[in-house]
$ cat run_31.cif   # mmCIF, C-alpha atoms and all ligand atoms
data_run
#
loop_
_atom_site.label_atom_id
_atom_site.label_comp_id
_atom_site.auth_asym_id
_atom_site.auth_seq_id
_atom_site.Cartn_x
_atom_site.Cartn_y
_atom_site.Cartn_z
CA MET A 1 -0.86 -2.46 19.20
CA ASP A 2 -3.51 -2.36 21.92
CA PHE A 3 -2.69 -0.96 25.36
CA LYS A 4 -6.22 -1.51 26.66
CA LEU A 5 -6.81 -4.01 29.42
CA THR A 6 -9.68 -6.45 29.07
CA PRO A 7 -12.71 -5.92 31.35
CA GLU A 8 -11.62 -9.01 33.32
CA GLN A 9 -8.09 -7.67 33.84
CA GLU A 10 -9.50 -4.31 34.97
CA MET A 11 -11.88 -6.07 37.31
CA ILE A 12 -9.06 -8.11 38.91
CA ARG A 13 -6.82 -5.04 39.25
CA ASP A 14 -9.64 -3.08 40.92
CA MET A 15 -10.60 -5.96 43.19
CA VAL A 16 -6.98 -6.36 44.38
CA ARG A 17 -6.63 -2.57 44.76
CA ASP A 18 -9.69 -2.53 46.97
CA PHE A 19 -8.49 -5.51 49.02
CA THR A 20 -5.10 -3.84 49.49
CA GLU A 21 -6.61 -0.53 50.63
CA LYS A 22 -8.88 -2.23 53.17
CA ASN A 23 -6.78 -5.13 54.41
CA ILE A 24 -3.09 -4.73 53.59
CA LYS A 25 -2.26 -1.02 53.87
CA PRO A 26 -3.63 -0.68 57.41
CA VAL A 27 -1.45 -3.51 58.75
CA ALA A 28 1.70 -3.25 56.64
CA ALA A 29 3.74 -1.10 59.04
CA ILE A 30 2.93 -3.26 62.05
CA HIS A 31 3.73 -6.49 60.19
CA ASP A 32 7.05 -4.92 59.18
CA GLU A 33 7.79 -3.77 62.72
CA GLU A 34 6.92 -7.11 64.30
CA LYS A 35 8.33 -9.28 61.48
CA HIS A 36 4.99 -11.03 61.42
CA PHE A 37 4.07 -13.26 58.45
CA PRO A 38 0.54 -12.23 57.33
CA PHE A 39 -1.12 -15.66 57.54
CA GLN A 40 -4.65 -14.30 57.66
CA ASN A 41 -4.35 -11.97 54.68
CA ILE A 42 -2.53 -14.58 52.60
CA LYS A 43 -5.35 -17.06 53.20
CA ARG A 44 -7.93 -14.48 52.16
CA MET A 45 -5.89 -13.60 49.07
CA ALA A 46 -5.79 -17.29 48.15
CA GLU A 47 -9.57 -17.38 48.48
CA LEU A 48 -9.71 -14.49 46.00
CA GLY A 49 -7.77 -16.62 43.51
CA LEU A 50 -4.42 -14.83 43.83
CA MET A 51 -2.19 -17.84 44.57
CA GLY A 52 -2.62 -19.83 41.37
CA MET A 53 -3.29 -17.18 38.78
CA ASN A 54 -1.84 -19.22 35.90
CA ILE A 55 -2.98 -22.59 37.16
CA PRO A 56 -5.89 -24.38 35.46
CA ILE A 57 -9.19 -24.34 37.31
CA GLU A 58 -9.18 -28.15 37.55
CA TYR A 59 -6.18 -27.91 39.93
CA GLY A 60 -7.74 -25.11 41.97
CA GLY A 61 -6.19 -22.16 40.13
CA SER A 62 -7.97 -19.09 38.79
CA GLU A 63 -6.30 -19.24 35.34
CA VAL A 64 -6.64 -15.52 34.71
CA GLY A 65 -3.36 -15.07 32.85
CA VAL A 66 0.00 -13.40 33.26
CA ILE A 67 -1.13 -9.80 32.65
CA ALA A 68 -3.78 -10.04 35.38
CA TYR A 69 -1.13 -11.63 37.62
CA SER A 70 1.28 -8.74 37.01
CA LEU A 71 -1.42 -6.15 37.73
CA ALA A 72 -2.38 -7.99 40.93
CA ILE A 73 1.21 -8.16 42.23
CA THR A 74 1.64 -4.42 41.57
CA GLU A 75 -1.54 -3.61 43.51
CA ILE A 76 -0.57 -5.85 46.44
CA ALA A 77 2.90 -4.28 46.54
CA LYS A 78 1.37 -0.82 46.81
CA GLY A 79 0.31 -1.95 50.27
CA CYS A 80 3.11 -4.26 51.34
CA ALA A 81 6.11 -5.73 49.53
CA SER A 82 6.17 -8.74 51.86
CA HIS A 83 2.61 -9.77 50.99
CA ALA A 84 3.56 -9.32 47.33
CA VAL A 85 6.77 -11.36 47.38
CA THR A 86 5.00 -14.22 49.18
CA THR A 87 2.29 -14.15 46.50
CA SER A 88 4.79 -13.93 43.66
CA VAL A 89 6.95 -16.84 44.83
CA THR A 90 3.91 -19.01 45.66
CA ASN A 91 2.56 -18.47 42.14
CA MET A 92 5.97 -19.35 40.70
CA VAL A 93 6.14 -22.58 42.72
CA ALA A 94 2.61 -23.52 41.65
CA GLU A 95 3.62 -22.94 38.03
CA VAL A 96 6.75 -25.10 38.15
CA ILE A 97 4.78 -27.95 39.75
CA CYS A 98 1.98 -27.53 37.23
CA GLU A 99 4.34 -27.49 34.27
CA PHE A 100 6.74 -30.24 35.31
CA GLY A 101 5.07 -32.31 38.05
CA LYS A 102 3.62 -35.77 37.59
CA GLU A 103 -0.17 -35.89 37.64
CA GLU A 104 -0.19 -37.20 41.22
CA THR A 105 2.17 -34.43 42.38
CA LYS A 106 -0.05 -31.81 40.78
CA ARG A 107 -3.20 -33.24 42.40
CA LYS A 108 -1.42 -33.38 45.76
CA HIS A 109 0.06 -29.88 45.96
CA LEU A 110 -1.70 -27.50 43.57
CA PRO A 111 -5.14 -27.36 45.27
CA LYS A 112 -3.41 -26.71 48.61
CA LEU A 113 -1.16 -23.97 47.18
CA CYS A 114 -4.05 -22.29 45.37
CA SER A 115 -6.54 -22.46 48.24
CA GLY A 116 -4.13 -21.16 50.87
CA GLU A 117 -4.17 -24.43 52.80
CA TYR A 118 -0.40 -24.12 52.33
CA PRO A 119 0.46 -20.59 53.52
CA ALA A 120 3.09 -20.44 50.73
CA GLY A 121 5.34 -22.35 48.40
CA SER A 122 9.11 -21.90 48.27
CA PHE A 123 11.79 -22.12 45.61
CA ALA A 124 15.03 -23.57 46.96
CA LEU A 125 17.82 -23.04 44.46
CA THR A 126 20.31 -20.74 46.21
CA GLU A 127 23.03 -22.18 48.43
CA PRO A 128 25.49 -20.44 50.76
CA HIS A 129 28.25 -20.50 48.12
CA ALA A 130 26.03 -20.48 44.97
CA GLY A 131 23.72 -17.51 44.45
CA SER A 132 24.22 -15.90 41.04
CA ASP A 133 26.21 -18.93 39.88
CA ALA A 134 23.21 -21.19 40.36
CA ALA A 135 24.61 -24.09 38.28
CA ASN A 136 27.30 -24.47 40.94
CA ILE A 137 25.00 -25.86 43.66
CA ARG A 138 26.25 -28.79 45.75
CA THR A 139 23.20 -30.26 47.48
CA SER A 140 23.20 -33.87 46.36
CA ALA A 141 20.41 -36.33 45.59
CA VAL A 142 21.55 -39.93 45.33
CA ARG A 143 19.20 -42.47 43.79
CA LYS A 144 18.47 -45.63 45.79
CA ASN A 145 15.87 -47.94 44.24
CA ASN A 146 12.75 -45.83 43.87
CA ASN A 147 13.96 -43.04 46.18
CA TYR A 148 16.48 -40.23 46.29
CA ILE A 149 18.48 -39.30 49.39
CA LEU A 150 19.18 -35.57 49.68
CA ASN A 151 22.03 -33.98 51.62
CA GLY A 152 23.11 -30.36 51.71
CA SER A 153 21.79 -26.94 52.53
CA LYS A 154 20.01 -24.02 50.92
CA ALA A 155 20.22 -20.34 51.85
CA LEU A 156 18.00 -17.25 51.66
CA ILE A 157 14.84 -19.18 50.78
CA THR A 158 11.73 -17.00 50.72
CA SER A 159 8.87 -18.47 52.80
CA GLY A 160 11.12 -21.42 53.78
CA GLU A 161 9.60 -21.82 57.23
CA VAL A 162 5.96 -21.37 56.22
CA SER A 163 5.71 -23.16 52.91
CA GLY A 164 3.75 -26.39 52.51
CA VAL A 165 5.84 -27.50 49.53
CA THR A 166 9.35 -26.55 48.50
CA VAL A 167 10.87 -27.04 45.07
CA VAL A 168 14.45 -28.12 45.72
CA TRP A 169 17.29 -28.33 43.22
CA ALA A 170 19.98 -30.96 43.82
CA VAL A 171 22.87 -32.56 41.94
CA THR A 172 22.00 -36.06 40.75
CA ASP A 173 25.02 -36.51 38.47
CA ARG A 174 28.31 -35.10 39.71
CA ASN A 175 30.12 -36.10 36.52
CA ALA A 176 27.79 -34.32 34.15
CA LYS A 177 28.80 -31.03 32.51
CA LYS A 178 28.00 -27.93 34.59
CA GLY A 179 24.25 -27.39 34.77
CA LYS A 180 23.44 -30.80 33.22
CA GLY A 181 23.37 -32.98 36.33
CA ILE A 182 20.81 -31.04 38.38
CA THR A 183 17.30 -32.30 39.16
CA ALA A 184 14.27 -30.53 40.67
CA PHE A 185 12.12 -32.11 43.40
CA ALA A 186 8.82 -31.06 45.02
CA ILE A 187 9.28 -31.79 48.72
CA GLU A 188 6.52 -31.59 51.28
CA LYS A 189 6.91 -29.82 54.60
CA GLY A 190 7.61 -32.27 57.41
CA THR A 191 9.44 -34.84 55.27
CA PRO A 192 11.96 -36.48 57.66
CA GLY A 193 15.44 -35.03 57.17
CA PHE A 194 14.08 -31.76 55.73
CA ILE A 195 14.95 -29.21 58.40
CA VAL A 196 14.08 -25.53 58.43
CA GLY A 197 17.09 -23.57 59.67
CA LYS A 198 17.53 -20.02 60.89
CA ALA A 199 15.52 -17.10 59.60
CA GLU A 200 17.60 -14.19 58.33
CA GLU A 201 17.31 -10.73 59.86
CA LYS A 202 16.52 -8.59 56.83
CA MET A 203 16.69 -4.93 55.96
CA GLY A 204 13.26 -5.02 54.28
CA HIS A 205 10.50 -7.47 53.36
CA ARG A 206 10.40 -8.07 57.08
CA ALA A 207 6.93 -9.64 57.03
CA SER A 208 8.14 -12.40 54.73
CA THR A 209 10.65 -15.01 55.80
CA LEU A 210 14.04 -15.91 54.37
CA ASN A 211 15.37 -19.20 55.71
CA GLU A 212 18.21 -21.61 55.63
CA LEU A 213 17.02 -25.15 54.74
CA ILE A 214 18.97 -28.28 55.61
CA PHE A 215 18.69 -31.74 54.04
CA ASP A 216 20.07 -34.43 56.26
CA ASN A 217 19.60 -37.83 54.62
CA CYS A 218 16.18 -36.65 53.47
CA VAL A 219 14.50 -39.51 51.56
CA VAL A 220 12.00 -38.62 48.86
CA SER A 221 10.25 -40.79 46.32
CA SER A 222 11.20 -40.53 42.66
CA ASP A 223 7.59 -39.39 42.11
CA CYS A 224 8.69 -36.01 43.54
CA VAL A 225 10.97 -35.36 40.56
CA LEU A 226 9.85 -32.44 38.40
CA GLY A 227 10.58 -32.92 34.72
CA LYS A 228 13.34 -35.37 33.89
CA GLU A 229 16.43 -36.18 35.90
CA GLY A 230 19.23 -33.81 34.86
CA GLU A 231 16.89 -31.16 33.45
CA GLY A 232 16.56 -29.21 36.67
CA PHE A 233 18.80 -26.28 35.83
CA LYS A 234 16.91 -25.50 32.65
CA ILE A 235 13.63 -25.72 34.57
CA ALA A 236 14.97 -23.26 37.16
CA MET A 237 16.01 -20.81 34.44
CA MET A 238 12.62 -21.03 32.70
CA GLU A 239 10.70 -20.49 35.93
CA LEU A 240 12.93 -17.61 36.98
CA ASP A 241 12.01 -15.85 33.73
CA GLY A 242 8.40 -15.83 34.94
CA GLY A 243 9.41 -14.99 38.50
CA ARG A 244 11.21 -11.91 37.22
CA ILE A 245 7.92 -10.58 35.86
CA GLY A 246 6.55 -10.94 39.39
CA ILE A 247 9.42 -9.06 41.03
CA GLY A 248 9.30 -6.33 38.36
CA SER A 249 5.56 -5.93 38.96
CA LEU A 250 6.22 -5.74 42.69
CA ALA A 251 8.82 -3.01 42.25
CA VAL A 252 6.41 -0.91 40.18
CA GLY A 253 3.87 -1.10 43.03
CA VAL A 254 6.35 -0.08 45.73
CA GLY A 255 7.63 2.75 43.52
CA PHE A 256 4.16 4.19 42.95
CA SER A 257 3.38 4.02 46.64
CA ALA A 258 6.58 5.89 47.48
CA ILE A 259 6.06 8.72 45.02
CA ASP A 260 2.32 9.00 45.70
CA PHE A 261 2.96 9.35 49.42
CA ALA A 262 5.65 11.97 48.75
CA ILE A 263 3.32 13.89 46.40
CA GLN A 264 0.65 14.07 49.07
CA TYR A 265 3.26 15.33 51.54
CA VAL A 266 4.75 18.06 49.31
CA LYS A 267 1.29 19.44 48.56
CA GLU A 268 0.73 20.03 52.27
CA ARG A 269 4.16 20.90 53.61
CA GLU A 270 5.22 24.52 53.20
CA ALA A 271 8.69 26.08 53.07
CA PHE A 272 9.71 29.64 52.25
CA GLY A 273 6.04 30.63 52.28
CA LYS A 274 4.67 28.14 49.74
CA PRO A 275 3.91 24.42 49.40
CA LEU A 276 6.92 22.29 48.48
CA SER A 277 5.05 21.19 45.37
CA ASN A 278 5.48 24.72 44.00
CA PHE A 279 9.25 24.28 43.77
CA GLU A 280 10.61 23.22 40.42
CA ALA A 281 13.17 20.92 42.08
CA ILE A 282 10.30 18.91 43.54
CA GLN A 283 8.19 19.00 40.36
CA TRP A 284 11.06 17.51 38.35
CA MET A 285 11.43 14.69 40.86
CA ILE A 286 7.73 13.93 40.45
CA ALA A 287 7.94 14.07 36.64
CA ASP A 288 11.02 11.83 36.50
CA SER A 289 9.52 9.34 38.96
CA TYR A 290 6.21 8.97 37.16
CA THR A 291 7.88 8.75 33.75
CA GLY A 292 10.24 6.05 34.97
CA LEU A 293 7.54 4.02 36.70
CA GLU A 294 5.14 4.15 33.77
CA ALA A 295 7.93 3.06 31.42
CA ALA A 296 8.80 0.27 33.86
CA GLN A 297 5.20 -0.92 33.96
CA LEU A 298 5.08 -1.00 30.17
CA LEU A 299 8.19 -3.21 30.09
CA VAL A 300 6.71 -5.49 32.76
CA LEU A 301 3.40 -5.77 30.93
CA ARG A 302 5.13 -6.45 27.62
CA ALA A 303 6.99 -9.38 29.21
CA ALA A 304 3.69 -10.56 30.75
CA TYR A 305 1.95 -10.29 27.38
CA LEU A 306 4.67 -12.38 25.69
CA LYS A 307 4.52 -15.05 28.38
CA GLU A 308 0.72 -15.12 28.26
CA ASN A 309 0.87 -15.65 24.50
CA LYS A 310 3.53 -18.37 24.79
CA LEU A 311 6.14 -16.27 22.97
CA PRO A 312 9.81 -16.08 24.02
CA PHE A 313 10.20 -13.63 26.90
CA THR A 314 13.55 -14.33 28.63
CA LYS A 315 15.23 -11.09 27.55
CA GLU A 316 12.09 -9.01 28.05
CA ALA A 317 11.51 -10.37 31.59
CA SER A 318 15.09 -9.56 32.58
CA MET A 319 14.85 -6.07 31.05
CA ALA A 320 11.58 -5.48 32.89
CA LYS A 321 12.98 -6.69 36.21
CA LEU A 322 16.22 -4.73 35.84
CA PHE A 323 14.55 -1.48 34.81
CA ALA A 324 11.59 -1.68 37.20
CA THR A 325 13.62 -2.50 40.31
CA GLU A 326 16.35 0.07 39.67
CA THR A 327 13.82 2.76 38.68
CA ALA A 328 11.68 2.10 41.75
CA ARG A 329 14.77 2.20 43.97
CA ASN A 330 15.61 5.66 42.58
CA VAL A 331 12.00 6.73 43.09
CA ALA A 332 11.98 5.56 46.72
CA LEU A 333 15.22 7.45 47.35
CA ARG A 334 13.67 10.57 45.83
CA ALA A 335 10.58 10.11 47.99
CA VAL A 336 12.75 10.10 51.12
CA GLN A 337 14.48 13.24 49.83
CA MET A 338 11.15 14.96 49.20
CA LEU A 339 10.14 14.41 52.82
CA GLY A 340 13.49 15.73 54.01
CA GLY A 341 14.47 14.68 57.54
CA TYR A 342 11.02 13.19 58.14
CA GLY A 343 11.58 10.80 55.26
CA TYR A 344 14.37 9.26 57.31
CA THR A 345 12.13 8.56 60.30
CA ARG A 346 9.88 5.60 61.05
CA ASP A 347 6.93 8.01 61.39
CA TYR A 348 6.42 7.90 57.62
CA PRO A 349 6.30 4.84 55.34
CA VAL A 350 8.82 5.99 52.74
CA GLU A 351 11.77 4.56 54.68
CA ARG A 352 10.00 1.16 54.58
CA PHE A 353 9.45 1.51 50.83
CA LEU A 354 13.16 2.19 50.40
CA ARG A 355 14.19 -0.79 52.57
CA ASP A 356 11.76 -3.04 50.70
CA ILE A 357 12.79 -1.96 47.23
CA VAL A 358 16.46 -2.76 47.79
CA GLY A 359 15.53 -6.45 48.02
CA THR A 360 13.96 -6.42 44.58
CA THR A 361 17.28 -5.64 42.90
CA LEU A 362 18.62 -8.86 44.47
CA TYR A 363 15.75 -11.41 44.46
CA GLU A 364 15.38 -13.76 41.50
CA GLY A 365 18.68 -12.70 40.03
CA THR A 366 20.58 -9.52 40.88
CA SER A 367 20.64 -6.57 38.49
CA GLU A 368 24.04 -7.84 37.36
CA VAL A 369 22.56 -11.26 36.48
CA GLN A 370 19.78 -9.56 34.50
CA ARG A 371 22.47 -7.69 32.53
CA ILE A 372 24.22 -11.01 31.81
CA VAL A 373 20.96 -12.53 30.54
CA ILE A 374 20.04 -9.48 28.42
CA SER A 375 23.47 -9.06 26.85
CA ARG A 376 23.76 -12.81 26.07
CA GLU A 377 20.36 -12.73 24.38
CA ILE A 378 21.38 -9.70 22.31
CA LEU A 379 24.84 -10.99 21.47
CA GLY A 380 23.47 -14.46 20.77
CA GLY A 381 25.66 -16.58 23.03
N1 LIG A 401 15.20 -20.70 29.50
C1 LIG A 401 15.52 -21.95 29.08
N2 LIG A 401 16.79 -22.44 29.14
C2 LIG A 401 17.74 -21.64 29.63
C3 LIG A 401 17.47 -20.33 30.10
C4 LIG A 401 16.14 -19.88 30.01
N3 LIG A 401 15.82 -18.65 30.43
N4 LIG A 401 18.62 -19.77 30.53
C5 LIG A 401 19.58 -20.68 30.35
N5 LIG A 401 19.05 -21.82 29.82
C6 LIG A 401 19.77 -23.03 29.46
C7 LIG A 401 20.82 -22.70 28.42
O1 LIG A 401 20.30 -22.75 27.12
C8 LIG A 401 21.84 -23.79 28.66
O2 LIG A 401 21.39 -24.97 28.06
P1 LIG A 401 22.33 -25.77 26.99
O3 LIG A 401 23.62 -26.06 27.73
O4 LIG A 401 21.55 -26.97 26.66
O5 LIG A 401 22.55 -24.84 25.85
C9 LIG A 401 21.77 -24.03 30.17
O6 LIG A 401 20.48 -23.53 30.58
C10 LIG A 401 22.85 -23.33 30.93
O7 LIG A 401 22.73 -21.94 30.68
P2 LIG A 401 23.93 -20.90 30.85
O8 LIG A 401 25.13 -21.43 30.12
O9 LIG A 401 23.44 -19.56 30.49
O10 LIG A 401 24.23 -21.02 32.41
P3 LIG A 401 25.21 -20.20 33.34
O11 LIG A 401 25.79 -21.10 34.34
O12 LIG A 401 26.14 -19.36 32.52
O13 LIG A 401 24.21 -19.25 34.18
C11 LIG A 401 22.88 -17.31 34.76
C12 LIG A 401 23.50 -18.22 33.68
C13 LIG A 401 21.95 -16.45 33.95
C14 LIG A 401 23.90 -16.45 35.46
C15 LIG A 401 22.10 -18.17 35.78
O14 LIG A 401 22.94 -18.92 36.62
C16 LIG A 401 21.19 -17.32 36.66
O15 LIG A 401 20.10 -16.94 36.27
N6 LIG A 401 21.64 -17.02 37.90
C17 LIG A 401 20.80 -16.33 38.87
C18 LIG A 401 20.02 -17.29 39.68
C19 LIG A 401 18.87 -16.63 40.35
O16 LIG A 401 18.13 -15.86 39.74
N7 LIG A 401 18.67 -16.97 41.61
C20 LIG A 401 17.55 -16.49 42.34
C21 LIG A 401 17.12 -17.53 43.30
S1 LIG A 401 15.44 -17.77 43.45
C22 LIG A 401 14.82 -16.49 44.31
O17 LIG A 401 15.42 -15.49 44.55
C23 LIG A 401 13.42 -16.73 44.69
C24 LIG A 401 13.08 -16.11 45.93
O18 LIG A 401 13.16 -16.74 46.96
C25 LIG A 401 12.48 -14.75 45.92
#
$ encode --input "run_31.cif" --output "structure tokens"
Amino acid sequence: MDFKLTPEQEMIRDMVRDFTEKNIKPVAAIHDEEKHFPFQNIKRMAELGLMGMNIPIEYGGSEVGVIAYSLAITEIAKGCASHAVTTSVTNMVAEVICEFGKEETKRKHLPKLCSGEYPAGSFALTEPHAGSDAANIRTSAVRKNNNYILNGSKALITSGEVSGVTVVWAVTDRNAKKGKGITAFAIEKGTPGFIVGKAEEKMGHRASTLNELIFDNCVVSSDCVLGKEGEGFKIAMMELDGGRIGIGSLAVGVGFSAIDFAIQYVKEREAFGKPLSNFEAIQWMIADSYTGLEAAQLLVLRAAYLKENKLPFTKEASMAKLFATETARNVALRAVQMLGGYGYTRDYPVERFLRDIVGTTLYEGTSEVQRIVISREILGG
């Protein structure tokens, strides 16, 4: 067993760390305050190769592998969870198009996703009445000659209003068994009948968008189909496995930022005549936080390693996402506690870390969904 990163992985991690320190950290609070999508930084990150990290070079990707991707998302999240979730979902969308798109679809969308010409990609599975129970979606796609006509709506779609291409899941066979009649489509922004609805007011991740999407007699060519008709649900599940590595990596980054900020604070702040860091109660919080986060990162990297080596990783990705997001949420809560009353104010970033981390226990399958996936894998059914 080798825990050592390759020189290339170290180089990518350090490059992203440096970019985050110089370009993301200084603007994160203001983007959060103003709910401003970071167009400029996202474009620069695409130019650094961060938007198609598992996409072959011939389609514009950087093809650096899943471990490098995980390390990059963690470093970005240390600066801003919104930048990181946009990057994570865009990579996931690029991967689903790369894996299941027709050659023409790949040539059309992948270079634009990878280069930042599209500010993002989005993944439209969730509907107002179907979140965790994703096989229960109702958006329909009816075939007419060489086209499909889509009707319905999607909810809570990350980057919905800014993405250049959206992967949309719709029911193509109402009579099929649950989960068997769903098909995935890659739909370009601006397609007539594809309407971007309201943006949600969120607790955290305020510099990323979460939109309603509406399909009103939206006509798309059958060339937009990803994979085969009726295979969409399986495709969604496979891609979400990879997405969960991204969200787990993100949580690790936010968690480290929270505890590192709190550590700096308790070394300087004094109470009862000595720095807070001299109190055992504080030292134990630091020890528990670091132990949890390092364990979480090991789980995340194990899932990344398995995916990179084309080994099964469904259970491991869900374990990593579950453990990393819940651990980082506990760490962010502790960080607020370590700052005392100041931790509760907007003067310090730990309240933002806490607001941001809550989202990670919900995105790409709630903690409860991860427990379903893990227990089914263990029980074998
Ligand atoms: N890989 C490949 N195939 C898979 C799979 C996987 N990981 N998981 C399931 N499948 C297959 C199953 O084998 C089964 O196929 P067969 O019938 O041929 O055997 C089929 O898919 C149906 O699987 P299930 O019976 O397990 O389906 P289910 O209805 O019981 O659902 C679930 C299981 C795990 C709860 C699933 O619905 C799920 O993951 N829900 C959460 C959805 C989710 O994560 N949504 C997030 C939205 S995207 C997002 O948040 C992005 C963003 O914007 C940030």
$ residues_near_ligand --input "run_31.cif" --ligand "ligand LIG 401 (chain A)" --cutoff "7 Å" --atoms "only C-alpha atoms and all ligand atoms" --output "ChimeraX atom specification"
/A:85,89,122-126,131-135,156-158,179,233-235,237-238,240-241,314,363-366,369,372-373
$ write_last_selection --input "run_31.cif" --atoms "C-alpha atoms" --output "JSON list (two decimals), in the coordinates of the input"
[["chain", "number", "residue", "atom", "x", "y", "z"],
["A", 85, "VAL", "CA", 6.77, -11.36, 47.38],
["A", 89, "VAL", "CA", 6.95, -16.84, 44.83],
["A", 122, "SER", "CA", 9.11, -21.90, 48.27],
["A", 123, "PHE", "CA", 11.79, -22.12, 45.61],
["A", 124, "ALA", "CA", 15.03, -23.57, 46.96],
["A", 125, "LEU", "CA", 17.82, -23.04, 44.46],
["A", 126, "THR", "CA", 20.31, -20.74, 46.21],
["A", 131, "GLY", "CA", 23.72, -17.51, 44.45],
["A", 132, "SER", "CA", 24.22, -15.90, 41.04],
["A", 133, "ASP", "CA", 26.21, -18.93, 39.88],
["A", 134, "ALA", "CA", 23.21, -21.19, 40.36],
["A", 135, "ALA", "CA", 24.61, -24.09, 38.28],
["A", 156, "LEU", "CA", 18.00, -17.25, 51.66],
["A", 157, "ILE", "CA", 14.84, -19.18, 50.78],
["A", 158, "THR", "CA", 11.73, -17.00, 50.72],
["A", 179, "GLY", "CA", 24.25, -27.39, 34.77],
["A", 233, "PHE", "CA", 18.80, -26.28, 35.83],
["A", 234, "LYS", "CA", 16.91, -25.50, 32.65],
["A", 235, "ILE", "CA", 13.63, -25.72, 34.57],
["A", 237, "MET", "CA", 16.01, -20.81, 34.44],
["A", 238, "MET", "CA", 12.62, -21.03, 32.70],
["A", 240, "LEU", "CA", 12.93, -17.61, 36.98],
["A", 241, "ASP", "CA", 12.01, -15.85, 33.73],
["A", 314, "THR", "CA", 13.55, -14.33, 28.63],
["A", 363, "TYR", "CA", 15.75, -11.41, 44.46],
["A", 364, "GLU", "CA", 15.38, -13.76, 41.50],
["A", 365, "GLY", "CA", 18.68, -12.70, 40.03],
["A", 366, "THR", "CA", 20.58, -9.52, 40.88],
["A", 369, "VAL", "CA", 22.56, -11.26, 36.48],
["A", 372, "ILE", "CA", 24.22, -11.01, 31.81],
["A", 373, "VAL", "CA", 20.96, -12.53, 30.54]]
$ atom_distance --input "run_31.cif" --atom1 "CA of Ala258 (chain A)" --atom2 "CA of Gln9 (chain A)"
24.2 Å
$ closest_residue --input "run_31.cif" --among "A:Met203, A:Ile149, A:Met319, A:Val64" --to "Ala303 (chain A)" --atoms "all atoms listed in the file"
A:Met319
$ atom_distance --input "run_31.cif" --atom1 "CA of Gly160 (chain A)" --atom2 "CA of Glu188 (chain A)"
11.4 Å
$ residues_around --input "run_31.cif" --residues "region 290-294 of chain A" --least-positions-apart "5" --cutoff "8 Å" --atoms "all atoms listed in the file" --output "PyMOL selection string"
chain A and resi 252+255-256+259+324+327-328
$ write_last_selection --input "run_31.cif" --atoms "C-alpha atoms" --output "compact mmCIF listing (two decimals), keeping the file's coordinate frame"
# COMPACT_ATOMS: atom_id res chain seq x y z
CA VAL A 252 6.41 -0.91 40.18
CA GLY A 255 7.63 2.75 43.52
CA PHE A 256 4.16 4.19 42.95
CA ILE A 259 6.06 8.72 45.02
CA ALA A 324 11.59 -1.68 37.20
CA THR A 327 13.82 2.76 38.68
CA ALA A 328 11.68 2.10 41.75
$ residues_around --input "run_31.cif" --residues "Arg371 (chain A)" --least-positions-apart "2" --cutoff "12 Å" --atoms "all atoms listed in the file" --output "list in words"
Ser132, Thr314, Lys315, Glu316, Ala317, Ser318, Met319, Ala320, Lys321, Leu322, Phe323, Thr361, Gly365, Thr366, Ser367, Glu368, Val369, Val373, Ile374, Ser375, Arg376, Glu377, Ile378 and Leu379 of chain A
$ write_last_selection --input "run_31.cif" --atoms "C-alpha atoms" --output "short mmCIF file (atom, residue, chain, number, x, y, z; two decimals), keeping the file's coordinate frame"
data_model
loop_
_atom_site.label_atom_id
_atom_site.label_comp_id
_atom_site.auth_asym_id
_atom_site.auth_seq_id
_atom_site.Cartn_x
_atom_site.Cartn_y
_atom_site.Cartn_z
CA SER A 132 24.22 -15.90 41.04
CA THR A 314 13.55 -14.33 28.63
CA LYS A 315 15.23 -11.09 27.55
CA GLU A 316 12.09 -9.01 28.05
CA ALA A 317 11.51 -10.37 31.59
CA SER A 318 15.09 -9.56 32.58
CA MET A 319 14.85 -6.07 31.05
CA ALA A 320 11.58 -5.48 32.89
CA LYS A 321 12.98 -6.69 36.21
CA LEU A 322 16.22 -4.73 35.84
CA PHE A 323 14.55 -1.48 34.81
CA THR A 361 17.28 -5.64 42.90
CA GLY A 365 18.68 -12.70 40.03
CA THR A 366 20.58 -9.52 40.88
CA SER A 367 20.64 -6.57 38.49
CA GLU A 368 24.04 -7.84 37.36
CA VAL A 369 22.56 -11.26 36.48
CA VAL A 373 20.96 -12.53 30.54
CA ILE A 374 20.04 -9.48 28.42
CA SER A 375 23.47 -9.06 26.85
CA ARG A 376 23.76 -12.81 26.07
CA GLU A 377 20.36 -12.73 24.38
CA ILE A 378 21.38 -9.70 22.31
CA LEU A 379 24.84 -10.99 21.47
#
$ residues_around --input "run_31.cif" --residues "Thr6 (chain A)" --least-positions-apart "4" --cutoff "12 Å" --atoms "all atoms listed in the file" --output "list of chain:residue names"
A:Asp2, A:Glu10, A:Met11, A:Ile12, A:Arg13, A:Val64, A:Gly65, A:Ile67, A:Ala68, A:Leu71
$ closest_residue --input "run_31.cif" --among "A:Met45, A:Val350, A:Val167, A:Ile195" --to "Ala335 (chain A)" --atoms "all atoms listed in the file"
A:Val350
$ atom_distance --input "run_31.cif" --atom1 "CA of Gly116 (chain A)" --atom2 "CA of Ala46 (chain A)"
5.0 Å
$ residues_around --input "run_31.cif" --residues "region 224-231 of chain A" --least-positions-apart "2" --cutoff "12 Å" --atoms "all atoms listed in the file" --output "MDAnalysis selection string"
chainID A and resid 93:106 108:109 135 141:143 146:149 165:188 191 219:222 233:238
$ residues_around --input "run_31.cif" --residues "region 337-348 of chain A" --least-positions-apart "2" --cutoff "8 Å" --atoms "only C-alpha atoms" --output "ChimeraX atom specification"
/A:262,265-266,282,333-335,350-352
